[in-house]
Every structure is written in structure tokens, then in C-alpha cells.
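Asker: Next up, work_38.txt (compact mmCIF, C-alpha atoms).
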```
# COMPACT_ATOMS: atom_id res chain seq x y z
CA MET A 29 -13.57 18.79 -21.61
CA ARG A 30 -12.94 16.37 -24.46
CA HIS A 31 -16.44 14.94 -24.21
CA ARG A 32 -18.08 18.38 -24.26
CA SER A 33 -16.00 19.29 -27.34
CA ILE A 34 -17.11 16.15 -29.20
CA ARG A 35 -20.78 16.78 -28.42
CA ALA A 36 -20.47 20.40 -29.58
CA ASN A 37 -18.96 19.33 -32.89
CA ARG A 38 -21.77 16.86 -33.48
CA THR A 39 -24.38 19.57 -32.85
CA ALA A 40 -22.74 21.85 -35.40
CA ILE A 41 -23.08 19.31 -38.25
CA ARG A 42 -26.24 20.00 -40.30
CA PRO A 43 -28.10 17.37 -42.34
CA GLY A 44 -26.67 17.40 -45.83
CA ALA A 45 -23.21 18.44 -44.68
CA VAL A 46 -22.06 14.88 -45.44
CA ALA A 47 -23.20 12.44 -48.08
CA GLY A 48 -25.77 10.83 -45.75
CA ALA A 49 -26.67 9.61 -42.29
CA LYS A 50 -24.75 6.36 -42.76
CA ASP A 51 -21.59 8.24 -43.70
CA LEU A 52 -21.97 10.45 -40.60
CA SER A 53 -22.48 7.42 -38.39
CA THR A 54 -19.43 5.69 -39.86
CA LEU A 55 -17.32 8.83 -39.46
CA ALA A 56 -18.41 9.25 -35.85
CA LYS A 57 -17.64 5.62 -34.99
CA THR A 58 -14.25 5.80 -36.68
CA THR A 59 -13.37 9.04 -34.87
CA LEU A 60 -14.45 7.57 -31.54
CA ALA A 61 -12.42 4.39 -32.12
CA ILE A 62 -9.31 6.42 -32.93
CA LEU A 63 -9.83 8.57 -29.82
CA ILE A 64 -10.21 5.53 -27.58
CA LEU A 65 -7.11 3.94 -29.08
CA CYS A 66 -5.08 7.12 -28.57
CA LEU A 67 -6.24 7.49 -24.99
CA GLY A 68 -5.38 3.86 -24.33
CA VAL A 69 -1.88 4.31 -25.69
CA ILE A 70 -1.32 7.49 -23.70
CA ALA A 71 -2.54 5.84 -20.49
CA LEU A 72 -0.26 2.83 -20.75
CA PRO A 73 2.12 2.87 -17.74
CA SER A 74 5.81 2.15 -17.91
CA THR A 75 6.52 -1.45 -16.94
CA SER A 76 9.85 -0.44 -15.41
CA SER A 77 8.40 0.99 -12.20
CA ALA A 78 7.10 -0.70 -9.06
CA ALA A 79 3.90 1.30 -9.45
CA ALA A 80 3.36 -0.34 -12.85
CA ARG A 81 4.07 -3.79 -11.43
CA VAL A 82 1.54 -3.13 -8.69
CA SER A 83 -1.17 -2.13 -11.17
CA ASP A 84 -0.93 -5.42 -13.07
CA PRO A 85 -3.88 -7.57 -11.87
CA ALA A 86 -1.93 -10.78 -12.49
CA ASN A 87 0.84 -9.54 -10.22
CA SER A 88 -1.03 -7.53 -7.61
CA SER A 89 -3.78 -9.74 -6.21
CA ALA A 90 -6.11 -7.11 -7.72
CA LYS A 91 -5.19 -4.75 -4.89
CA HIS A 92 -4.60 -1.05 -5.25
CA VAL A 93 -1.30 0.20 -3.88
CA SER A 94 -0.81 3.83 -2.94
CA GLY A 95 1.44 6.05 -5.00
CA SER A 96 3.86 6.66 -2.13
CA ALA A 97 4.41 2.93 -1.58
CA GLY A 98 4.98 2.34 -5.28
CA LEU A 99 7.44 5.21 -5.61
CA PHE A 100 9.24 4.14 -2.45
CA ALA A 101 9.54 0.57 -3.76
CA ASP A 102 11.11 1.96 -6.93
CA TRP A 103 13.75 3.70 -4.83
CA VAL A 104 14.39 0.56 -2.73
CA ILE A 105 15.10 -1.52 -5.82
CA ALA A 106 17.07 1.17 -7.66
CA SER A 107 19.31 1.75 -4.64
CA SER A 108 19.45 -1.93 -3.56
CA ASP A 109 18.56 -0.71 -0.08
CA ASN A 110 16.94 -4.07 0.69
CA HIS A 111 20.28 -5.86 0.08
CA GLY A 112 18.61 -8.69 -1.82
CA LEU A 113 16.11 -9.43 0.95
CA PRO A 114 12.31 -9.56 0.77
CA PHE A 115 10.77 -6.34 1.95
CA ILE A 116 7.54 -4.89 3.24
CA ILE A 117 6.30 -1.33 2.97
CA VAL A 118 3.81 -0.21 5.62
CA ASP A 119 1.99 2.86 4.34
CA LYS A 120 0.49 4.36 7.48
CA LYS A 121 -1.35 7.17 5.71
CA ASN A 122 -3.25 4.63 3.64
CA ALA A 123 -3.38 1.90 6.31
CA GLU A 124 -1.83 -0.62 3.92
CA VAL A 125 0.86 -3.31 3.98
CA VAL A 126 2.62 -4.17 0.71
CA VAL A 127 4.93 -7.20 0.44
CA PHE A 128 7.62 -7.54 -2.25
CA TYR A 129 9.93 -10.28 -3.43
CA PRO A 130 13.66 -9.44 -3.18
CA ASP A 131 13.73 -8.38 -6.85
CA GLY A 132 10.87 -5.93 -6.41
CA ARG A 133 8.02 -8.02 -7.76
CA LEU A 134 4.82 -7.55 -5.81
CA ARG A 135 3.85 -10.51 -3.65
CA GLY A 136 0.68 -9.08 -2.12
CA ALA A 137 -1.01 -6.12 -0.48
CA SER A 138 -3.57 -5.79 2.26
CA PRO A 139 -5.30 -3.29 4.52
CA ALA A 140 -3.82 -3.12 8.00
CA LEU A 141 -4.62 -1.95 11.51
CA LEU A 142 -2.10 0.39 13.11
CA GLY A 143 -1.33 2.16 16.36
CA LEU A 144 -4.17 4.23 17.78
CA ALA A 145 -2.17 7.47 17.84
CA ARG A 146 -0.52 9.27 14.95
CA GLY A 147 3.22 9.63 15.39
CA ASP A 148 6.49 8.39 13.96
CA ASP A 149 8.41 7.52 17.12
CA SER A 150 8.02 5.04 19.96
CA VAL A 151 8.11 6.27 23.53
CA PRO A 152 11.49 5.31 25.06
CA GLY A 153 11.24 2.14 27.13
CA ILE A 154 7.70 1.34 25.98
CA GLY A 155 8.62 -2.24 25.15
CA GLN A 156 9.25 -3.00 28.83
CA ARG A 157 5.97 -1.55 30.09
CA LYS A 158 2.67 -3.30 30.77
CA LEU A 159 -0.03 -2.66 28.20
CA SER A 160 -2.30 -1.27 30.90
CA SER A 161 0.19 1.54 31.55
CA ILE A 162 0.39 2.71 27.93
CA THR A 163 -1.78 5.77 27.35
CA PRO A 164 -3.74 6.29 24.10
CA GLU A 165 -1.38 9.01 22.85
CA GLU A 166 1.60 6.66 23.32
CA ARG A 167 0.17 3.94 21.06
CA THR A 168 2.11 4.80 17.93
CA THR A 169 3.49 2.74 15.06
CA PRO A 170 7.03 4.07 14.57
CA ALA A 171 8.35 5.01 11.14
CA GLY A 172 11.70 3.86 9.82
CA ARG A 173 13.73 1.02 8.30
CA PHE A 174 13.81 -2.20 10.31
CA VAL A 175 15.59 -5.52 9.79
CA ALA A 176 12.81 -7.94 10.67
CA SER A 177 12.44 -11.68 11.22
CA LEU A 178 9.93 -14.28 12.31
CA GLY A 179 9.74 -15.05 16.02
CA ASN A 180 7.37 -15.96 18.83
CA ASP A 181 5.40 -13.57 21.00
CA LEU A 182 4.79 -15.57 24.18
CA GLY A 183 2.53 -17.89 22.21
CA LYS A 184 2.42 -20.76 19.76
CA LYS A 185 2.00 -18.63 16.64
CA ASN A 186 4.80 -16.59 15.17
CA VAL A 187 4.95 -12.89 14.38
CA VAL A 188 7.29 -10.72 12.33
CA TRP A 189 9.35 -8.80 14.84
CA VAL A 190 9.84 -5.31 13.45
CA ASP A 191 11.30 -3.56 16.51
CA TYR A 192 11.77 -6.10 19.30
CA ASP A 193 12.93 -3.57 21.91
CA ALA A 194 9.81 -1.44 21.38
CA ALA A 195 7.59 -4.56 21.19
CA ILE A 196 6.45 -3.69 17.65
CA SER A 197 5.52 -6.61 15.44
CA LEU A 198 3.47 -7.41 12.35
CA HIS A 199 1.05 -10.24 13.02
CA ARG A 200 -2.30 -11.85 12.35
CA VAL A 201 -5.22 -9.68 13.41
CA ILE A 202 -6.06 -10.08 17.10
CA THR A 203 -9.76 -10.58 17.89
CA THR A 204 -9.67 -11.32 21.62
CA ASN A 205 -11.56 -8.10 22.42
CA PRO A 206 -14.87 -8.15 20.49
CA LYS A 207 -15.55 -4.52 21.41
CA GLU A 208 -12.67 -3.42 19.18
CA HIS A 209 -14.31 -4.86 16.01
CA ARG A 210 -10.94 -5.41 14.39
CA LEU A 211 -12.20 -7.69 11.61
CA HIS A 212 -14.85 -5.13 10.70
CA ARG A 213 -12.27 -2.36 10.68
CA LEU A 214 -10.14 -4.32 8.22
CA ALA A 215 -13.14 -4.98 5.99
CA THR A 216 -14.38 -1.40 5.65
CA ALA A 217 -13.34 0.76 2.70
CA SER A 218 -12.52 3.68 4.99
CA ILE A 219 -9.04 4.09 6.50
CA LEU A 220 -10.39 6.26 9.31
CA ASP A 221 -11.16 3.26 11.53
CA ASN A 222 -7.85 1.43 11.06
CA ARG A 223 -6.23 2.99 14.13
CA ILE A 224 -6.81 0.71 17.10
CA SER A 225 -3.67 -1.19 18.20
CA TYR A 226 -1.00 -0.41 20.77
CA GLY A 227 1.43 0.07 17.91
CA CYS A 228 1.65 -3.33 16.27
CA ILE A 229 0.58 -3.91 12.68
CA ASN A 230 -2.40 -6.25 12.27
CA VAL A 231 -3.22 -7.91 8.94
CA PRO A 232 -5.84 -10.51 7.93
CA VAL A 233 -4.98 -14.08 8.93
CA LYS A 234 -5.05 -15.40 5.36
CA PHE A 235 -2.77 -12.63 4.15
CA TYR A 236 -0.29 -13.31 6.94
CA ASP A 237 -0.32 -17.08 6.36
CA THR A 238 -0.05 -16.98 2.56
CA VAL A 239 2.02 -13.84 1.91
CA VAL A 240 3.85 -12.52 4.97
CA GLU A 241 5.01 -15.73 6.65
CA PRO A 242 6.31 -17.41 3.47
CA SER A 243 8.22 -14.24 2.59
CA PHE A 244 10.17 -14.30 5.86
CA THR A 245 10.53 -18.05 6.33
CA GLY A 246 14.22 -18.96 6.52
CA THR A 247 15.39 -15.39 6.01
CA ASN A 248 15.42 -11.92 7.45
CA GLY A 249 13.67 -9.13 5.60
CA ILE A 250 13.34 -5.37 5.63
CA VAL A 251 10.24 -3.56 6.86
CA TYR A 252 9.89 0.06 5.83
CA ILE A 253 7.26 1.99 7.77
CA LEU A 254 6.39 5.24 6.02
CA PRO A 255 5.68 8.22 8.31
CA ASP A 256 2.32 9.86 8.89
CA VAL A 257 3.55 13.04 10.61
CA ARG A 258 7.01 13.77 9.23
CA SER A 259 7.92 13.67 5.55
CA ILE A 260 9.31 10.54 3.89
CA LYS A 261 12.50 12.46 3.14
CA ALA A 262 12.91 13.35 6.81
CA VAL A 263 12.71 9.69 7.86
CA PHE A 264 14.59 8.27 4.86
CA PRO A 265 17.11 10.98 3.87
CA ALA A 266 18.74 8.83 1.20
CA SER A 267 15.49 8.28 -0.69
CA ASP A 268 14.31 10.40 -3.59
CA VAL A 269 10.65 10.20 -2.57
CA ASN A 270 8.82 13.29 -1.38
CA GLY A 271 5.68 13.21 0.69
```
Output the file's structure in the form of C-alpha cells.
Answerer:
Amino acid sequence: MRHRSIRANRTAIRPGAVAGAKDLSTLAKTTLAILILCLGVIALPSTSSAAARVSDPANSSAKHVSGSAGLFADWVIASSDNHGLPFIIVDKKNAEVVVFYPDGRLRGASPALLGLARGDDSVPGIGQRKLSSITPEERTTPAGRFVASLGNDLGKKNVVWVDYDAAISLHRVITTNPKEHRLHRLATASILDNRISYGCINVPVKFYDTVVEPSFTGTNGIVYILPDVRSIKAVFPASDVNG
């Protein structure tokens, strides 16, 4: 609307209405410069919020973070719900993992692969079952607040255990089944193909090694998994985040 208004005003100015073409050109450039400056000032975000910290390229690894994750991080810090521990927000709706320092500074963000089925709860006893017995509709990534730590998963490499009893962990992307195309799924811009796992959260190897693992080395941390069926308020009643 602003652009159409500017063009209309220019059309209405007749030759001779100003001292000359140079004066008109100078006036137009000055007006445009003032408009750009005003818009820039209006668009400046508040540096007090997690969303603002996330949007800073020097502090965000040039990665966009969803509004819900940013708002939720604000609440975590304001309420001290992380109790001075590093924390991770898993935004299932946007298939994204966001890692924060204990004081709320952004450490990194990455696309992620999640459970095949939508849902905010794990099937009771699923952690004791064989993978072959878990049906597609049972392959959910549960929502909630979890005290997490590094540990082993029957192998040499560690994982972040999110919910040990339900066998839910955050780990390096698994590529043992080429038919699943997990690396390709992580690389695409679409979030529609990020549902493939049995419930665990897969992230790129480099992101795990340089962001996730250092964050949880020598300490526990908090993993918040935002819901994709219920509202955030329903899963986190103490929060002030809607969605």
C-alpha cells in the first residue's frame, strides 16, 4: 500500500510544479531515504527477547528459529524453568531443534527428523518393545519437559537421553537404511518429509558434535519438546505461550 501511494503521488506532480527536474529528483531521493530510515527504525527488534537473540546472525548460525520456540525460550529464561542448565527446544511443528546456553543465548539451531506419527504421548511400555513390533501410528515423539543427559545406546557413540524409559533420545542422524533417505530429508526446505523415525530426534552429525554434545558434556540439561497436537499451554500449564 505504501508503494502504490508513493507512485500515485509521483504521477500527480506536473512539470513546472517544482523549480526543475533536478529539484524533483533531489526531493524524491530525500523522501525515499527518510522513508527507508523510518521503516528501519520501526523494524528494529527488542534485544531483550530470545526471538531477537535468535535473529542476530552473529549469534544464530544464520538459522531461522520459529516464533513459538523464541517465545518459549523467553518464558524459560524469565521463569528460570531451566534452573541454570543448558536447554534445548524441539519444535515439532517446524521440525527444528534449538540449543541454548544456560543464560538463554542461542548456541545453534538445526532441522531435525522426528517420529513418523503425529502425537504428544508415548505408548505405555514402548521402550521395552522390539522395534519390529511398533506400528507406524505408535511412532511418536512425545511432548513435555525432560531432564536429559548424555549416555550410550548399545553402541560406541553417545546420545542425549530424553526419556530413557520410552527409549526416546536425541542423536546423530541414522543412515543405516538407505531407503529412508534421512540425509536428504534433513537437507530439503520442506518440513513435510521430516517424519520418519520411531520417535527419536535425529540431527545432522556436525550439529550434534559441535553444538549438542558440548552443551551436555559434564552436565544435565533440559529438553523441551513442543506439542504438535495439543496446545503449548496444555502441555506446559505454567508457561505464558499460546499455540
Asker: What are the closest atom pairs, with distances in Å to one decimal, for each residue of segment 100-170 of chain A lying within 12 Å of segment 240-248 of chain A, using all atoms listed in the file, rows by chain and rising residue number, as CSV?
Answerer:
```
residue,atom,partner,partner_atom,distance
A:Asn110,CA,A:Asn248,CA,10.5
A:His111,CA,A:Asn248,CA,10.7
A:Gly112,CA,A:Asn248,CA,10.3
A:Leu113,CA,A:Asn248,CA,7.0
A:Pro114,CA,A:Ser243,CA,6.5
A:Phe115,CA,A:Ser243,CA,8.3
A:Ile116,CA,A:Val240,CA,8.7
A:Ile117,CA,A:Val240,CA,11.6
A:Val125,CA,A:Val240,CA,9.7
A:Val126,CA,A:Val240,CA,9.5
A:Val127,CA,A:Val240,CA,7.1
A:Phe128,CA,A:Ser243,CA,8.3
A:Tyr129,CA,A:Ser243,CA,7.4
A:Pro130,CA,A:Ser243,CA,9.3
A:Leu134,CA,A:Ser243,CA,11.3
A:Arg135,CA,A:Ser243,CA,8.5
A:Gly136,CA,A:Val240,CA,8.5
A:Ala137,CA,A:Val240,CA,9.7
A:Ser138,CA,A:Val240,CA,10.4
```
Asker: Let's have the selection written as a PDB file, in the coordinates of the input, with C-alpha atoms.
Answerer:
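In the end it all went to selection.pdb:
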```pdb
ATOM      1  CA  ASN A 110      16.940  -4.070   0.690  1.00  0.00           C
ATOM      2  CA  HIS A 111      20.280  -5.860   0.080  1.00  0.00           C
ATOM      3  CA  GLY A 112      18.610  -8.690  -1.820  1.00  0.00           C
ATOM      4  CA  LEU A 113      16.110  -9.430   0.950  1.00  0.00           C
ATOM      5  CA  PRO A 114      12.310  -9.560   0.770  1.00  0.00           C
ATOM      6  CA  PHE A 115      10.770  -6.340   1.950  1.00  0.00           C
ATOM      7  CA  ILE A 116       7.540  -4.890   3.240  1.00  0.00           C
ATOM      8  CA  ILE A 117       6.300  -1.330   2.970  1.00  0.00           C
ATOM      9  CA  VAL A 125       0.860  -3.310   3.980  1.00  0.00           C
ATOM     10  CA  VAL A 126       2.620  -4.170   0.710  1.00  0.00           C
ATOM     11  CA  VAL A 127       4.930  -7.200   0.440  1.00  0.00           C
ATOM     12  CA  PHE A 128       7.620  -7.540  -2.250  1.00  0.00           C
ATOM     13  CA  TYR A 129       9.930 -10.280  -3.430  1.00  0.00           C
ATOM     14  CA  PRO A 130      13.660  -9.440  -3.180  1.00  0.00           C
ATOM     15  CA  LEU A 134       4.820  -7.550  -5.810  1.00  0.00           C
ATOM     16  CA  ARG A 135       3.850 -10.510  -3.650  1.00  0.00           C
ATOM     17  CA  GLY A 136       0.680  -9.080  -2.120  1.00  0.00           C
ATOM     18  CA  ALA A 137      -1.010  -6.120  -0.480  1.00  0.00           C
ATOM     19  CA  SER A 138      -3.570  -5.790   2.260  1.00  0.00           C
TER      20      SER A 138
END
```
Asker: Given the point (10.4, 6.4, 13.0) in the coordinates of this file, which residues lie within 6 Å, counting all atoms listed in the file, and how would they look as a list in words?
Answerer: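 So the residues meeting the distance criterion are Asp148, Asp149, Pro170, Ala171 and Gly172 of chain A.
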Asker: Could the residues in this selection be written to a file with C-alpha atoms, as a compact mmCIF listing (two decimals), in the frame of the given file?
Answerer:
```
# COMPACT_ATOMS: atom_id res chain seq x y z
CA ASP A 148 6.49 8.39 13.96
CA ASP A 149 8.41 7.52 17.12
CA PRO A 170 7.03 4.07 14.57
CA ALA A 171 8.35 5.01 11.14
CA GLY A 172 11.70 3.86 9.82
```
Asker: Excluding Leu142 of chain A and residues on its chain fewer than 3 positions from it, collect all residues at most 12 Å away from it, counting all atoms listed in the file, and give them as an mmCIF file with C-alpha atoms, keeping the file's coordinate frame.
Answerer:
```cif
data_model
loop_
_atom_site.group_PDB
_atom_site.id
_atom_site.type_symbol
_atom_site.label_atom_id
_atom_site.label_comp_id
_atom_site.auth_asym_id
_atom_site.auth_seq_id
_atom_site.Cartn_x
_atom_site.Cartn_y
_atom_site.Cartn_z
ATOM 1 C CA VAL A 118 3.810 -0.210 5.620
ATOM 2 C CA ASP A 119 1.990 2.860 4.340
ATOM 3 C CA LYS A 120 0.490 4.360 7.480
ATOM 4 C CA LYS A 121 -1.350 7.170 5.710
ATOM 5 C CA ASN A 122 -3.250 4.630 3.640
ATOM 6 C CA ALA A 123 -3.380 1.900 6.310
ATOM 7 C CA GLU A 124 -1.830 -0.620 3.920
ATOM 8 C CA VAL A 125 0.860 -3.310 3.980
ATOM 9 C CA PRO A 139 -5.300 -3.290 4.520
ATOM 10 C CA ALA A 145 -2.170 7.470 17.840
ATOM 11 C CA ARG A 146 -0.520 9.270 14.950
ATOM 12 C CA GLY A 147 3.220 9.630 15.390
ATOM 13 C CA ASP A 148 6.490 8.390 13.960
ATOM 14 C CA ARG A 167 0.170 3.940 21.060
ATOM 15 C CA THR A 168 2.110 4.800 17.930
ATOM 16 C CA THR A 169 3.490 2.740 15.060
ATOM 17 C CA PRO A 170 7.030 4.070 14.570
ATOM 18 C CA ALA A 171 8.350 5.010 11.140
ATOM 19 C CA ILE A 196 6.450 -3.690 17.650
ATOM 20 C CA SER A 197 5.520 -6.610 15.440
ATOM 21 C CA LEU A 198 3.470 -7.410 12.350
ATOM 22 C CA HIS A 199 1.050 -10.240 13.020
ATOM 23 C CA VAL A 201 -5.220 -9.680 13.410
ATOM 24 C CA ILE A 202 -6.060 -10.080 17.100
ATOM 25 C CA ARG A 210 -10.940 -5.410 14.390
ATOM 26 C CA ARG A 213 -12.270 -2.360 10.680
ATOM 27 C CA LEU A 214 -10.140 -4.320 8.220
ATOM 28 C CA ILE A 219 -9.040 4.090 6.500
ATOM 29 C CA LEU A 220 -10.390 6.260 9.310
ATOM 30 C CA ASP A 221 -11.160 3.260 11.530
ATOM 31 C CA ASN A 222 -7.850 1.430 11.060
ATOM 32 C CA ARG A 223 -6.230 2.990 14.130
ATOM 33 C CA ILE A 224 -6.810 0.710 17.100
ATOM 34 C CA SER A 225 -3.670 -1.190 18.200
ATOM 35 C CA TYR A 226 -1.000 -0.410 20.770
ATOM 36 C CA GLY A 227 1.430 0.070 17.910
ATOM 37 C CA CYS A 228 1.650 -3.330 16.270
ATOM 38 C CA ILE A 229 0.580 -3.910 12.680
ATOM 39 C CA ASN A 230 -2.400 -6.250 12.270
ATOM 40 C CA VAL A 231 -3.220 -7.910 8.940
ATOM 41 C CA ILE A 253 7.260 1.990 7.770
ATOM 42 C CA ASP A 256 2.320 9.860 8.890
#
```
Asker: Would you mind reading off the distance between atom CA of Leu254 of chain A and atom CA of Ser218 of chain A, one decimal, in Å?
Answerer: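 These two atoms are separated by 19.0 Å.
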Asker: So how many Å separate atom CA of Val188 of chain A and atom CA of Phe174 of chain A, to one decimal?
Answerer: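 Those two atoms sit 10.9 Å apart.
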Asker: Quick one: residues within 9 Å of Arg258 of chain A, only C-alpha atoms counted, chain neighbours fewer than 3 positions away excluded, as number ranges by chain?
Answerer: A: 147-148, 255, 261-263, 271
Asker: Quick check, in Å to one decimal: how far apart do atom CA of Tyr236 of chain A and atom CA of Arg200 of chain A lie?
Answerer: 6.0 Å
Asker: Taking into account all atoms listed in the file, which residue in the set A:Asn270, A:Ser150, A:Asn205, A:Ser107 is nearest to Ile162 of chain A?
Answerer: A:Ser150
